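Okay, input.cif is below, mmCIF, C-alpha atoms:
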```
data_target
#
loop_
_atom_site.group_PDB
_atom_site.id
_atom_site.type_symbol
_atom_site.label_atom_id
_atom_site.label_comp_id
_atom_site.auth_asym_id
_atom_site.auth_seq_id
_atom_site.Cartn_x
_atom_site.Cartn_y
_atom_site.Cartn_z
ATOM 1 C CA MET P 485 51.767 -161.910 -95.048
ATOM 2 C CA LYS P 486 48.436 -160.088 -95.148
ATOM 3 C CA GLU P 487 48.068 -160.561 -91.405
ATOM 4 C CA LYS P 488 51.371 -158.890 -90.616
ATOM 5 C CA GLU P 489 50.563 -155.867 -92.738
ATOM 6 C CA SER P 490 47.082 -155.621 -91.208
ATOM 7 C CA ILE P 491 48.320 -155.725 -87.619
ATOM 8 C CA LYS P 492 50.960 -153.089 -88.407
ATOM 9 C CA LYS P 493 48.163 -150.715 -89.428
ATOM 10 C CA LEU P 494 46.656 -151.120 -85.946
ATOM 11 C CA VAL P 495 49.877 -150.263 -84.097
ATOM 12 C CA THR P 496 49.570 -147.028 -82.117
ATOM 13 C CA GLY P 497 52.794 -147.102 -80.096
ATOM 14 C CA ASN P 498 55.996 -148.892 -79.208
ATOM 15 C CA SER P 499 56.505 -150.922 -76.062
ATOM 16 C CA PRO P 500 59.309 -149.655 -73.789
ATOM 17 C CA TRP P 501 60.136 -153.290 -72.974
ATOM 18 C CA ILE P 502 63.446 -153.597 -74.864
ATOM 19 C CA ALA P 503 64.930 -150.583 -73.068
ATOM 20 C CA ASN P 504 63.541 -151.796 -69.721
ATOM 21 C CA ALA P 505 64.817 -155.343 -70.271
ATOM 22 C CA GLU P 506 68.284 -154.167 -71.269
ATOM 23 C CA ARG P 507 68.448 -151.986 -68.154
ATOM 24 C CA ARG P 508 67.386 -154.900 -65.924
ATOM 25 C CA ILE P 509 69.988 -157.182 -67.506
ATOM 26 C CA GLN P 510 72.694 -154.533 -67.188
ATOM 27 C CA ASP P 511 71.810 -154.170 -63.485
ATOM 28 C CA ASP P 512 71.328 -157.855 -62.777
ATOM 29 C CA GLY P 513 74.434 -158.138 -60.562
ATOM 30 C CA TRP P 514 73.173 -155.834 -57.825
ATOM 31 C CA ARG P 515 69.493 -156.480 -58.532
ATOM 32 C CA GLU P 516 69.831 -160.141 -57.555
ATOM 33 C CA GLU P 517 71.240 -159.119 -54.203
ATOM 34 C CA SER P 518 68.699 -156.327 -53.833
ATOM 35 C CA ALA P 519 65.898 -158.840 -54.452
ATOM 36 C CA LYS P 520 67.182 -161.150 -51.709
ATOM 37 C CA ILE P 521 67.342 -158.269 -49.250
ATOM 38 C CA ALA P 522 63.857 -157.096 -50.268
ATOM 39 C CA LEU P 523 62.456 -160.582 -49.770
ATOM 40 C CA THR P 524 64.087 -160.923 -46.355
ATOM 41 C CA ILE P 525 62.576 -157.580 -45.308
ATOM 42 C CA LEU P 526 59.123 -158.407 -46.674
ATOM 43 C CA ARG P 527 58.966 -161.781 -44.924
ATOM 44 C CA TYR P 528 60.070 -160.176 -41.681
ATOM 45 C CA LEU P 529 57.461 -157.404 -41.966
ATOM 46 C CA ARG P 530 54.726 -159.949 -42.682
ATOM 47 C CA LYS P 531 55.740 -162.258 -39.840
ATOM 48 C CA ASN P 532 55.864 -159.383 -37.357
ATOM 49 C CA ASN P 533 52.819 -157.544 -38.719
ATOM 50 C CA ILE P 534 54.791 -154.380 -39.459
ATOM 51 C CA LYS P 535 53.400 -152.133 -42.204
ATOM 52 C CA GLN P 536 55.631 -150.518 -44.811
ATOM 53 C CA PHE P 537 54.726 -147.016 -43.661
ATOM 54 C CA GLN P 538 55.881 -148.000 -40.158
ATOM 55 C CA LEU P 539 59.231 -149.130 -41.554
ATOM 56 C CA ALA P 540 59.463 -145.798 -43.402
ATOM 57 C CA GLU P 541 58.990 -143.984 -40.097
ATOM 58 C CA MET P 542 61.485 -146.228 -38.332
ATOM 59 C CA ILE P 543 64.273 -145.540 -40.820
ATOM 60 C CA ASN P 544 63.197 -141.971 -41.556
ATOM 61 C CA VAL P 545 62.569 -142.272 -45.285
ATOM 62 C CA THR P 546 59.491 -141.721 -47.428
ATOM 63 C CA PRO P 547 56.963 -144.533 -48.016
ATOM 64 C CA GLN P 548 57.905 -144.295 -51.717
ATOM 65 C CA GLN P 549 61.489 -145.111 -50.794
ATOM 66 C CA VAL P 550 60.371 -148.168 -48.831
ATOM 67 C CA SER P 551 58.217 -149.237 -51.760
ATOM 68 C CA LYS P 552 61.291 -149.136 -54.012
ATOM 69 C CA ILE P 553 63.257 -151.134 -51.428
ATOM 70 C CA VAL P 554 60.715 -153.962 -51.112
ATOM 71 C CA LYS P 555 60.270 -154.229 -54.855
ATOM 72 C CA GLY P 556 63.941 -155.201 -55.095
ATOM 73 C CA LYS P 557 64.746 -152.164 -57.209
ATOM 74 C CA GLU P 558 66.957 -150.287 -54.763
ATOM 75 C CA ASN P 559 70.705 -150.129 -55.282
ATOM 76 C CA PHE P 560 71.359 -150.064 -51.534
ATOM 77 C CA THR P 561 74.033 -148.063 -49.820
ATOM 78 C CA LEU P 562 75.645 -149.590 -46.741
ATOM 79 C CA GLN P 563 74.097 -146.727 -44.784
ATOM 80 C CA THR P 564 70.564 -147.719 -45.795
ATOM 81 C CA ILE P 565 71.202 -151.379 -45.083
ATOM 82 C CA ASN P 566 72.581 -150.477 -41.680
ATOM 83 C CA LYS P 567 69.537 -148.341 -40.862
ATOM 84 C CA ILE P 568 67.153 -151.174 -41.727
ATOM 85 C CA GLU P 569 69.196 -153.727 -39.812
ATOM 86 C CA LYS P 570 69.131 -151.550 -36.706
ATOM 87 C CA ALA P 571 65.431 -150.692 -37.011
ATOM 88 C CA LEU P 572 64.314 -154.307 -37.444
ATOM 89 C CA ASN P 573 67.078 -155.889 -35.414
ATOM 90 C CA ILE P 574 67.950 -158.316 -38.196
ATOM 91 C CA LYS P 575 71.113 -158.975 -40.186
ATOM 92 C CA LEU P 576 70.820 -158.405 -43.937
ATOM 93 C CA VAL P 577 74.469 -158.246 -44.990
ATOM 94 C CA GLN P 578 77.577 -159.626 -43.374
ATOM 95 C CA ILE P 579 81.152 -158.524 -44.051
ATOM 96 C CA VAL P 580 83.439 -161.516 -44.246
ATOM 97 C CA VAL P 581 87.119 -161.051 -43.474
ATOM 98 C CA ASP P 582 88.915 -163.658 -45.536
ATOM 99 C CA SER P 583 92.677 -163.752 -44.998
ATOM 100 C CA GLU P 584 92.982 -166.946 -47.110
ATOM 101 C CA THR P 585 91.843 -165.140 -50.239
ATOM 102 C CA ASN P 586 94.339 -162.397 -49.620
ATOM 103 C CA LEU P 587 97.209 -164.864 -49.381
ATOM 104 C CA ASN P 588 96.318 -166.337 -52.769
ATOM 105 C CA SER P 589 95.899 -163.052 -54.585
ATOM 106 C CA ALA P 590 98.308 -160.532 -53.108
ATOM 107 C CA PRO P 591 98.082 -157.061 -54.656
ATOM 108 C CA THR P 592 100.811 -156.071 -57.068
ATOM 109 C CA GLN P 593 103.509 -153.771 -55.832
ATOM 110 C CA GLU P 594 102.285 -151.051 -58.152
ATOM 111 C CA TYR P 595 98.739 -151.062 -56.790
ATOM 112 C CA SER P 596 99.796 -151.483 -53.188
ATOM 113 C CA ASN P 597 101.907 -148.385 -53.542
ATOM 114 C CA ILE P 598 99.224 -146.303 -55.113
ATOM 115 C CA PHE P 599 96.352 -147.337 -52.855
ATOM 116 C CA ASN P 600 98.320 -148.335 -49.772
ATOM 117 C CA ILE P 601 96.489 -151.625 -49.671
ATOM 118 C CA ASN P 602 96.680 -153.348 -46.337
ATOM 119 C CA ASP P 603 98.207 -156.723 -47.132
ATOM 120 C CA GLU P 604 97.046 -158.281 -43.895
ATOM 121 C CA TYR P 605 93.434 -158.699 -44.934
ATOM 122 C CA ASP P 606 91.244 -158.956 -47.948
ATOM 123 C CA PHE P 607 87.747 -157.729 -47.377
ATOM 124 C CA GLN P 608 84.854 -159.269 -49.180
ATOM 125 C CA THR P 609 81.274 -158.325 -48.738
ATOM 126 C CA LYS P 610 79.043 -161.306 -48.752
ATOM 127 C CA LEU P 611 75.289 -161.178 -48.716
ATOM 128 C CA THR P 612 73.846 -163.495 -46.176
ATOM 129 C CA GLY P 613 70.158 -163.071 -46.823
ATOM 130 C CA THR P 614 68.434 -166.233 -45.690
ATOM 131 C CA TYR P 615 67.461 -167.149 -49.223
ATOM 132 C CA GLY P 616 69.970 -167.851 -51.974
ATOM 133 C CA TYR P 617 70.009 -168.681 -55.676
ATOM 134 C CA GLU P 618 72.648 -171.328 -55.231
ATOM 135 C CA ASN P 619 70.294 -174.254 -55.625
ATOM 136 C CA TYR P 620 68.760 -173.034 -58.885
ATOM 137 C CA MET R 551 42.337 -151.799 -76.698
ATOM 138 C CA GLN R 552 45.489 -150.647 -78.496
ATOM 139 C CA ILE R 553 48.258 -152.580 -80.232
ATOM 140 C CA PHE R 554 51.878 -151.799 -79.360
ATOM 141 C CA CYS R 555 54.941 -153.048 -81.204
ATOM 142 C CA ILE R 556 57.430 -154.884 -78.991
ATOM 143 C CA PHE R 557 59.901 -155.524 -81.787
ATOM 144 C CA GLU R 558 59.924 -156.106 -85.496
ATOM 145 C CA THR R 559 62.744 -157.640 -87.485
ATOM 146 C CA GLU R 560 62.934 -158.919 -91.025
ATOM 147 C CA LYS R 561 62.199 -162.423 -89.832
ATOM 148 C CA GLN R 562 59.671 -162.003 -87.041
ATOM 149 C CA SER R 563 57.447 -159.585 -85.141
ATOM 150 C CA LEU R 564 56.033 -159.401 -81.647
ATOM 151 C CA PHE R 565 53.151 -157.139 -80.714
ATOM 152 C CA SER R 566 51.312 -156.552 -77.469
ATOM 153 C CA VAL R 567 47.929 -155.326 -76.367
ATOM 154 C CA LYS R 568 47.700 -152.179 -74.283
ATOM 155 C CA TYR R 569 44.468 -152.186 -72.338
ATOM 156 C CA LYS R 570 42.502 -149.051 -71.589
ATOM 157 C CA ASN R 571 43.513 -147.438 -68.266
ATOM 158 C CA SER R 572 46.624 -149.612 -68.059
ATOM 159 C CA GLU R 573 49.957 -147.921 -67.454
ATOM 160 C CA PHE R 574 51.916 -150.556 -69.343
ATOM 161 C CA ASP R 575 51.345 -152.649 -72.441
ATOM 162 C CA ALA R 576 50.607 -156.266 -71.528
ATOM 163 C CA TRP R 577 54.071 -157.522 -72.435
ATOM 164 C CA ASP R 578 55.943 -154.892 -70.468
ATOM 165 C CA GLU R 579 53.549 -155.376 -67.540
ATOM 166 C CA ILE R 580 54.333 -159.103 -67.392
ATOM 167 C CA PHE R 581 58.008 -158.428 -66.827
ATOM 168 C CA GLU R 582 57.392 -155.493 -64.500
ATOM 169 C CA LYS R 583 55.386 -157.877 -62.278
ATOM 170 C CA TRP R 584 57.689 -160.857 -62.584
ATOM 171 C CA THR R 585 60.683 -158.761 -61.534
ATOM 172 C CA ASP R 586 58.807 -157.098 -58.641
ATOM 173 C CA VAL R 587 59.673 -158.834 -55.359
ATOM 174 C CA GLU R 588 56.753 -157.233 -53.491
ATOM 175 C CA TYR R 589 54.225 -158.392 -56.098
ATOM 176 C CA LEU R 590 55.644 -161.916 -56.171
ATOM 177 C CA GLU R 591 55.782 -162.242 -52.375
ATOM 178 C CA GLU R 592 52.131 -161.238 -52.067
ATOM 179 C CA TYR R 593 51.111 -163.479 -54.948
ATOM 180 C CA PHE R 594 52.784 -166.616 -53.634
ATOM 181 C CA GLU R 595 51.729 -165.873 -50.062
ATOM 182 C CA SER R 596 48.126 -165.862 -51.263
ATOM 183 C CA TYR R 597 48.740 -169.326 -52.732
ATOM 184 C CA SER R 598 50.916 -170.664 -49.915
ATOM 185 C CA ASP R 599 48.470 -173.542 -49.285
ATOM 186 C CA THR R 600 48.671 -174.500 -52.961
ATOM 187 C CA LEU R 601 52.458 -174.460 -52.851
ATOM 188 C CA LYS R 602 52.311 -176.876 -49.934
ATOM 189 C CA SER R 603 50.236 -179.335 -51.963
ATOM 190 C CA GLY R 604 51.770 -182.486 -53.319
ATOM 191 C CA PHE R 605 52.025 -181.222 -56.880
ATOM 192 C CA TRP R 606 54.421 -178.418 -55.980
ATOM 193 C CA LYS R 607 56.284 -180.550 -53.454
ATOM 194 C CA ASP R 608 55.991 -178.110 -50.558
ATOM 195 C CA ILE R 609 57.969 -175.262 -52.099
ATOM 196 C CA SER R 610 58.320 -172.255 -49.793
ATOM 197 C CA VAL R 611 57.081 -168.779 -50.689
ATOM 198 C CA GLU R 612 60.682 -167.596 -50.608
ATOM 199 C CA ASP R 613 61.869 -170.243 -53.063
ATOM 200 C CA ALA R 614 58.891 -169.590 -55.324
ATOM 201 C CA VAL R 615 59.719 -165.871 -55.470
ATOM 202 C CA LEU R 616 63.402 -166.442 -56.183
ATOM 203 C CA LYS R 617 62.742 -169.105 -58.823
ATOM 204 C CA THR R 618 60.298 -166.790 -60.561
ATOM 205 C CA LEU R 619 62.745 -163.878 -60.543
ATOM 206 C CA ARG R 620 65.410 -166.123 -62.026
ATOM 207 C CA ASP R 621 63.069 -167.518 -64.653
ATOM 208 C CA ALA R 622 61.770 -164.103 -65.676
ATOM 209 C CA GLN R 623 65.349 -162.994 -66.166
ATOM 210 C CA LEU R 624 66.174 -166.020 -68.333
ATOM 211 C CA LEU R 625 62.994 -165.600 -70.349
ATOM 212 C CA GLU R 626 63.672 -161.915 -70.861
ATOM 213 C CA LYS R 627 67.202 -162.627 -72.078
ATOM 214 C CA ALA R 628 65.951 -165.341 -74.418
ATOM 215 C CA ILE R 629 63.279 -163.128 -75.981
ATOM 216 C CA LEU R 630 65.792 -160.296 -76.348
ATOM 217 C CA THR R 631 67.844 -162.550 -78.594
ATOM 218 C CA CYS R 632 64.740 -162.861 -80.790
ATOM 219 C CA ALA R 633 64.615 -159.083 -81.062
ATOM 220 C CA ASN R 634 68.159 -159.323 -82.388
ATOM 221 C CA ASP R 635 66.949 -161.056 -85.486
ATOM 222 C CA ASN R 636 67.075 -164.786 -85.028
ATOM 223 C CA ASP R 637 64.010 -166.832 -85.895
ATOM 224 C CA LEU R 638 63.365 -168.541 -82.580
ATOM 225 C CA LEU R 639 60.087 -166.827 -81.663
ATOM 226 C CA LYS R 640 57.975 -169.664 -83.058
ATOM 227 C CA LYS R 641 59.766 -172.071 -80.738
ATOM 228 C CA PHE R 642 58.578 -170.161 -77.680
ATOM 229 C CA PHE R 643 54.879 -170.160 -78.473
ATOM 230 C CA LYS R 644 53.004 -173.458 -78.370
ATOM 231 C CA PRO R 645 49.295 -174.067 -79.059
ATOM 232 C CA LEU R 646 47.174 -173.337 -76.004
ATOM 233 C CA THR R 647 45.348 -176.662 -76.215
ATOM 234 C CA ASP R 648 45.455 -179.726 -78.445
ATOM 235 C CA SER R 649 42.285 -178.576 -80.216
ATOM 236 C CA GLU R 650 44.056 -175.350 -81.232
ATOM 237 C CA ILE R 651 46.609 -177.338 -83.232
ATOM 238 C CA GLN R 652 43.998 -178.106 -85.909
ATOM 239 C CA LYS R 653 43.504 -174.437 -86.758
ATOM 240 C CA ASP R 654 45.625 -172.664 -89.333
ATOM 241 C CA ASN R 655 45.282 -169.154 -87.987
ATOM 242 C CA LEU R 656 44.010 -167.167 -85.015
ATOM 243 C CA LEU R 657 45.770 -169.789 -82.990
ATOM 244 C CA LYS R 658 45.674 -169.163 -79.246
ATOM 245 C CA THR R 659 49.175 -169.854 -77.944
ATOM 246 C CA LYS R 660 51.181 -169.928 -74.734
ATOM 247 C CA ALA R 661 54.864 -169.626 -73.887
ATOM 248 C CA TYR R 662 56.388 -171.280 -70.834
ATOM 249 C CA GLY R 663 58.983 -170.254 -68.326
ATOM 250 C CA ILE R 664 62.383 -171.835 -68.762
ATOM 251 C CA VAL R 665 63.060 -173.071 -65.208
ATOM 252 C CA THR R 666 59.710 -173.049 -63.449
ATOM 253 C CA LYS R 667 56.595 -174.859 -64.560
ATOM 254 C CA TRP R 668 54.273 -171.954 -63.795
ATOM 255 C CA LEU R 669 55.133 -168.898 -65.914
ATOM 256 C CA ARG R 670 52.823 -168.424 -68.891
ATOM 257 C CA ILE R 671 52.650 -165.800 -71.632
ATOM 258 C CA TYR R 672 49.523 -165.863 -73.784
ATOM 259 C CA ALA R 673 49.366 -164.683 -77.390
ATOM 260 C CA VAL R 674 47.432 -164.989 -80.620
ATOM 261 C CA LYS R 675 49.516 -166.311 -83.466
ATOM 262 C CA LEU R 676 49.026 -164.471 -86.752
ATOM 263 C CA THR R 677 51.719 -166.307 -88.695
ATOM 264 C CA ASP R 678 54.647 -168.521 -87.691
ATOM 265 C CA GLU R 679 56.672 -165.340 -87.280
ATOM 266 C CA THR R 680 54.062 -162.914 -85.937
ATOM 267 C CA TYR R 681 52.408 -162.980 -82.503
ATOM 268 C CA VAL R 682 50.227 -160.593 -80.481
ATOM 269 C CA VAL R 683 50.531 -160.942 -76.699
ATOM 270 C CA SER R 684 47.371 -160.578 -74.592
ATOM 271 C CA GLY R 685 48.945 -161.114 -71.147
ATOM 272 C CA GLY R 686 50.629 -163.547 -68.811
ATOM 273 C CA ALA R 687 50.156 -165.290 -65.494
ATOM 274 C CA ILE R 688 51.695 -167.528 -62.889
ATOM 275 C CA LYS R 689 49.688 -170.694 -63.367
ATOM 276 C CA LEU R 690 49.535 -172.923 -60.312
ATOM 277 C CA PHE R 691 46.603 -175.177 -61.247
ATOM 278 C CA GLY R 692 46.085 -177.673 -64.028
ATOM 279 C CA LYS R 693 43.304 -175.884 -65.903
ATOM 280 C CA MET R 694 43.080 -172.176 -66.638
ATOM 281 C CA GLN R 695 39.518 -172.146 -65.302
ATOM 282 C CA GLU R 696 40.653 -173.357 -61.884
ATOM 283 C CA GLN R 697 42.456 -170.134 -60.947
ATOM 284 C CA LYS R 698 41.050 -166.611 -61.127
ATOM 285 C CA GLU R 699 44.170 -165.099 -62.693
ATOM 286 C CA THR R 700 44.431 -167.637 -65.518
ATOM 287 C CA GLU R 701 40.672 -167.658 -66.075
ATOM 288 C CA PHE R 702 40.933 -163.893 -66.595
ATOM 289 C CA GLU R 703 43.840 -164.397 -68.997
ATOM 290 C CA LEU R 704 41.727 -166.808 -71.035
ATOM 291 C CA LYS R 705 39.021 -164.139 -71.355
ATOM 292 C CA LYS R 706 41.652 -161.594 -72.454
ATOM 293 C CA LEU R 707 42.968 -164.020 -75.067
ATOM 294 C CA ILE R 708 39.471 -164.552 -76.504
ATOM 295 C CA MET R 709 38.833 -160.804 -76.393
ATOM 296 C CA LEU R 710 42.025 -160.184 -78.382
ATOM 297 C CA LYS R 711 41.049 -162.796 -80.924
ATOM 298 C CA ASP R 712 37.636 -161.127 -81.371
ATOM 299 C CA PHE R 713 39.338 -157.736 -81.688
ATOM 300 C CA LEU R 714 41.611 -159.020 -84.441
ATOM 301 C CA ILE R 715 38.665 -160.514 -86.325
ATOM 302 C CA ALA R 716 36.650 -157.289 -85.961
ATOM 303 C CA ASN R 717 39.589 -155.308 -87.314
ATOM 304 C CA HIS R 718 39.964 -157.574 -90.353
ATOM 305 C CA VAL R 719 43.445 -158.739 -89.550
ATOM 306 C CA PHE R 720 42.600 -162.001 -91.317
ATOM 307 C CA ASP R 721 41.198 -162.712 -94.765
ATOM 308 C CA LYS R 722 37.721 -164.121 -94.225
ATOM 309 C CA GLU R 723 38.278 -166.895 -96.794
ATOM 310 C CA ASN R 724 41.325 -168.034 -94.840
ATOM 311 C CA LEU R 725 39.579 -168.028 -91.512
ATOM 312 C CA SER R 726 39.277 -171.610 -90.337
ATOM 313 C CA GLU R 727 36.522 -171.064 -87.802
#
```
Take the structure in the file and give it back as structure tokens.
Amino acid sequence: MKEKESIKKLVTGNSPWIANAERRIQDDGWREESAKIALTILRYLRKNNIKQFQLAEMINVTPQQVSKIVKGKENFTLQTINKIEKALNIKLVQIVVDSETNLNSAPTQEYSNIFNINDEYDFQTKLTGTYGYENY
Amino acid sequence: MQIFCIFETEKQSLFSVKYKNSEFDAWDEIFEKWTDVEYLEEYFESYSDTLKSGFWKDISVEDAVLKTLRDAQLLEKAILTCANDNDLLKKFFKPLTDSEIQKDNLLKTKAYGIVTKWLRIYAVKLTDETYVVSGGAIKLFGKMQEQKETEFELKKLIMLKDFLIANHVFDKENLSE
């Protein structure tokens, strides 16, 4: 165990990795979707020779904000997605109206009273980025 | 060069190098890069011809990015379980080459991705339960010397080994080289 004690004497700091990893895992639900959107945007920018600073100007945000978006680290609002879709004329997210799902899982009386849920439709957001994880 | 502690439990320890002028320690940097869509898209785009070669069966840049993100996530989760005091760390790190197997200590090792064939983490093994990480790469060619990123990682691994020798991390009488 001499080696372990020797290396411990050389340690000058602690890696922030555990905290960073736990945060990434905690966020992995939206981060997966964010990554797909980021990749769709990046491939579009490359194909159409559009620079990130140009996209920033088009959607009226800072270049730093665009950098966060294309790294897949942005927890998008629908407003931001909509701005990018309009600026690039592409579809990143599609809202699917699924009446079948609603028929199979009708809201309870209690909740429908409180929230006045419309029992005609069940709305599901579904990401339709070109690239999916489904095959992996 | 500095040494940072990634985690230390009763059973096992993982350390990482922090290079001068680097914002992150090597271990944290690996996962920052492998979870960065922009970095991965640029990386695989620069090797798009390689991905089209027979060995990789014409995988697209998009698929390569998404597979890597998925694999980094799985790897990160798996290593986190090691930080929670199991003794699986030694199962992740394999000898770098067959010739390394003959050595008792200062073993140069590598860890693989779980899904993809290309993720590599490089480390020097101090004991079965103690490793020091020098860096990592996405390895798309057979030999480390065939790709600039992995060739650089090999140099970093040797540099770390020399650093550990210079700092007397090993007993000289136990040194097998």
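With all atoms listed in the file taken into account, the protein and nucleic acid residues at most 12 Å from Lys488 (chain P) (excluding it and anything under 5 positions from it in its own chain) are Lys493, Leu494 and Val495 of chain P; Cys555, Glu558, Thr559, Glu560, Lys561, Gln562, Ser563, Leu564, Phe565, Lys675, Leu676, Thr677, Asp678, Glu679, Thr680, Tyr681, Val682, Leu714, His718, Val719, Phe720 and Asp721 of chain R.
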**Request:** Using the chain letters and residue numbers of this document, give as a VMD selection string the residues selected by the PyMOL selection byres ((chain R) within 6 of (chain P)).
**Result:** chain R and resid 553 to 556 578 586 to 588 719 to 720
**Request:** Compile the contact shell of region 638-644 of chain R as a PyMOL selection string: residues with an atom at most 8 Å away, counting all atoms listed in the file, same-chain residues fewer than 4 positions apart removed.
**Result:** chain R and resi 562+629+632+659-662+673+678-679
**Prompt:** Rounded to one decimal in Å, what is the spacing between CA of Val580 (chain P) and CA of Val550 (chain P)?
**Reply:** 27.0 Å
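Ranking R:Thr600, R:Ile671, R:Ala633, R:Arg620 by their shortest atom-to-atom distance to Pro645 (chain R), with all atoms listed in the file included, puts R:Ile671 first.
Across the model, the gap from CA of Pro547 (chain P) to CA of Lys583 (chain R) is 19.6 Å.
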**Request:** Could you pull out every residue with an atom within 8 Å of (59.0, -161.6, -61.0), file coordinates, counting only C-alpha atoms, and send them as JSON, numbers by chain?
**Result:** {"R": [581, 582, 583, 584, 585, 586, 587, 589, 590, 615, 618, 619, 620, 622]}
**Asked** Applied to the shown file, which residues does the PyMOL selection byres ((chain R and resi 606) around 12) return, written as a ChimeraX atom specification?
**Response** /R:597-605,607-611,613-614,666-668,689-692
**Prompt:** So, counting all atoms listed in the file, which residue among R:Leu669, R:Leu710, R:Gln623, R:Phe702 is closest to Gly513 (chain P)?
**Reply:** R:Gln623
**Request:** Determine the residue set returned by the PyMOL selection byres ((chain R and resi 707) around 10) for the present structure, and present it as a PyMOL selection string.
**Result:** chain R and resi 658-659+672-674+682-686+701-706+708-713
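Between CA of Ile534 (chain P) and CA of Leu572 (chain P) the interatomic distance comes to 9.7 Å.
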**Asked** Given the choices R:Ser596, R:Val665, R:Asn717, R:Thr700, which gets closest to Leu625 (chain R) if the distance is worked out from all atoms listed in the file?
**Response** R:Val665
**Asked** From the set R:Leu646, R:Leu657, R:Ala628, R:Ile580, which residue has the shortest atom-to-atom contact distance to Ser566 (chain R), counting all atoms listed in the file?
**Response**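 Closest candidate: R:Ile580.
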Restore N, CA and C atoms in region 547-564 of chain P and list the result as a CSV table (one decimal), in the coordinates of the input.
```csv
chain,number,residue,atom,x,y,z
P,547,PRO,N,57.6,-143.2,-47.7
P,547,PRO,CA,57.0,-144.5,-48.0
P,547,PRO,C,57.3,-145.0,-49.4
P,548,GLN,N,57.5,-144.0,-50.3
P,548,GLN,CA,57.9,-144.3,-51.7
P,548,GLN,C,59.3,-145.0,-51.8
P,549,GLN,N,60.2,-144.5,-50.9
P,549,GLN,CA,61.5,-145.1,-50.8
P,549,GLN,C,61.4,-146.6,-50.3
P,550,VAL,N,60.6,-146.8,-49.3
P,550,VAL,CA,60.4,-148.2,-48.8
P,550,VAL,C,59.8,-149.0,-49.9
P,551,SER,N,58.8,-148.5,-50.7
P,551,SER,CA,58.2,-149.2,-51.8
P,551,SER,C,59.3,-149.7,-52.8
P,552,LYS,N,60.2,-148.8,-53.1
P,552,LYS,CA,61.3,-149.1,-54.0
P,552,LYS,C,62.2,-150.2,-53.4
P,553,ILE,N,62.4,-150.1,-52.1
P,553,ILE,CA,63.3,-151.1,-51.4
P,553,ILE,C,62.6,-152.5,-51.5
P,554,VAL,N,61.3,-152.6,-51.2
P,554,VAL,CA,60.7,-154.0,-51.1
P,554,VAL,C,60.4,-154.5,-52.5
P,555,LYS,N,60.5,-153.7,-53.5
P,555,LYS,CA,60.3,-154.2,-54.9
P,555,LYS,C,61.6,-154.9,-55.4
P,556,GLY,N,62.7,-154.7,-54.6
P,556,GLY,CA,63.9,-155.2,-55.1
P,556,GLY,C,64.6,-154.3,-56.2
P,557,LYS,N,64.2,-153.0,-56.2
P,557,LYS,CA,64.7,-152.2,-57.2
P,557,LYS,C,65.7,-151.1,-56.6
P,558,GLU,N,66.1,-151.3,-55.4
P,558,GLU,CA,67.0,-150.3,-54.8
P,558,GLU,C,68.4,-150.7,-54.8
P,559,ASN,N,69.3,-149.9,-55.3
P,559,ASN,CA,70.7,-150.1,-55.3
P,559,ASN,C,71.2,-149.6,-53.9
P,560,PHE,N,71.1,-150.5,-52.9
P,560,PHE,CA,71.4,-150.1,-51.5
P,560,PHE,C,72.7,-149.5,-51.3
P,561,THR,N,72.8,-148.5,-50.4
P,561,THR,CA,74.0,-148.1,-49.8
P,561,THR,C,74.2,-148.8,-48.5
P,562,LEU,N,75.4,-148.9,-48.0
P,562,LEU,CA,75.6,-149.6,-46.7
P,562,LEU,C,74.9,-148.8,-45.6
P,563,GLN,N,74.8,-147.5,-45.8
P,563,GLN,CA,74.1,-146.7,-44.8
P,563,GLN,C,72.6,-147.1,-44.7
P,564,THR,N,72.0,-147.3,-45.8
P,564,THR,CA,70.6,-147.7,-45.8
P,564,THR,C,70.4,-149.1,-45.2
```
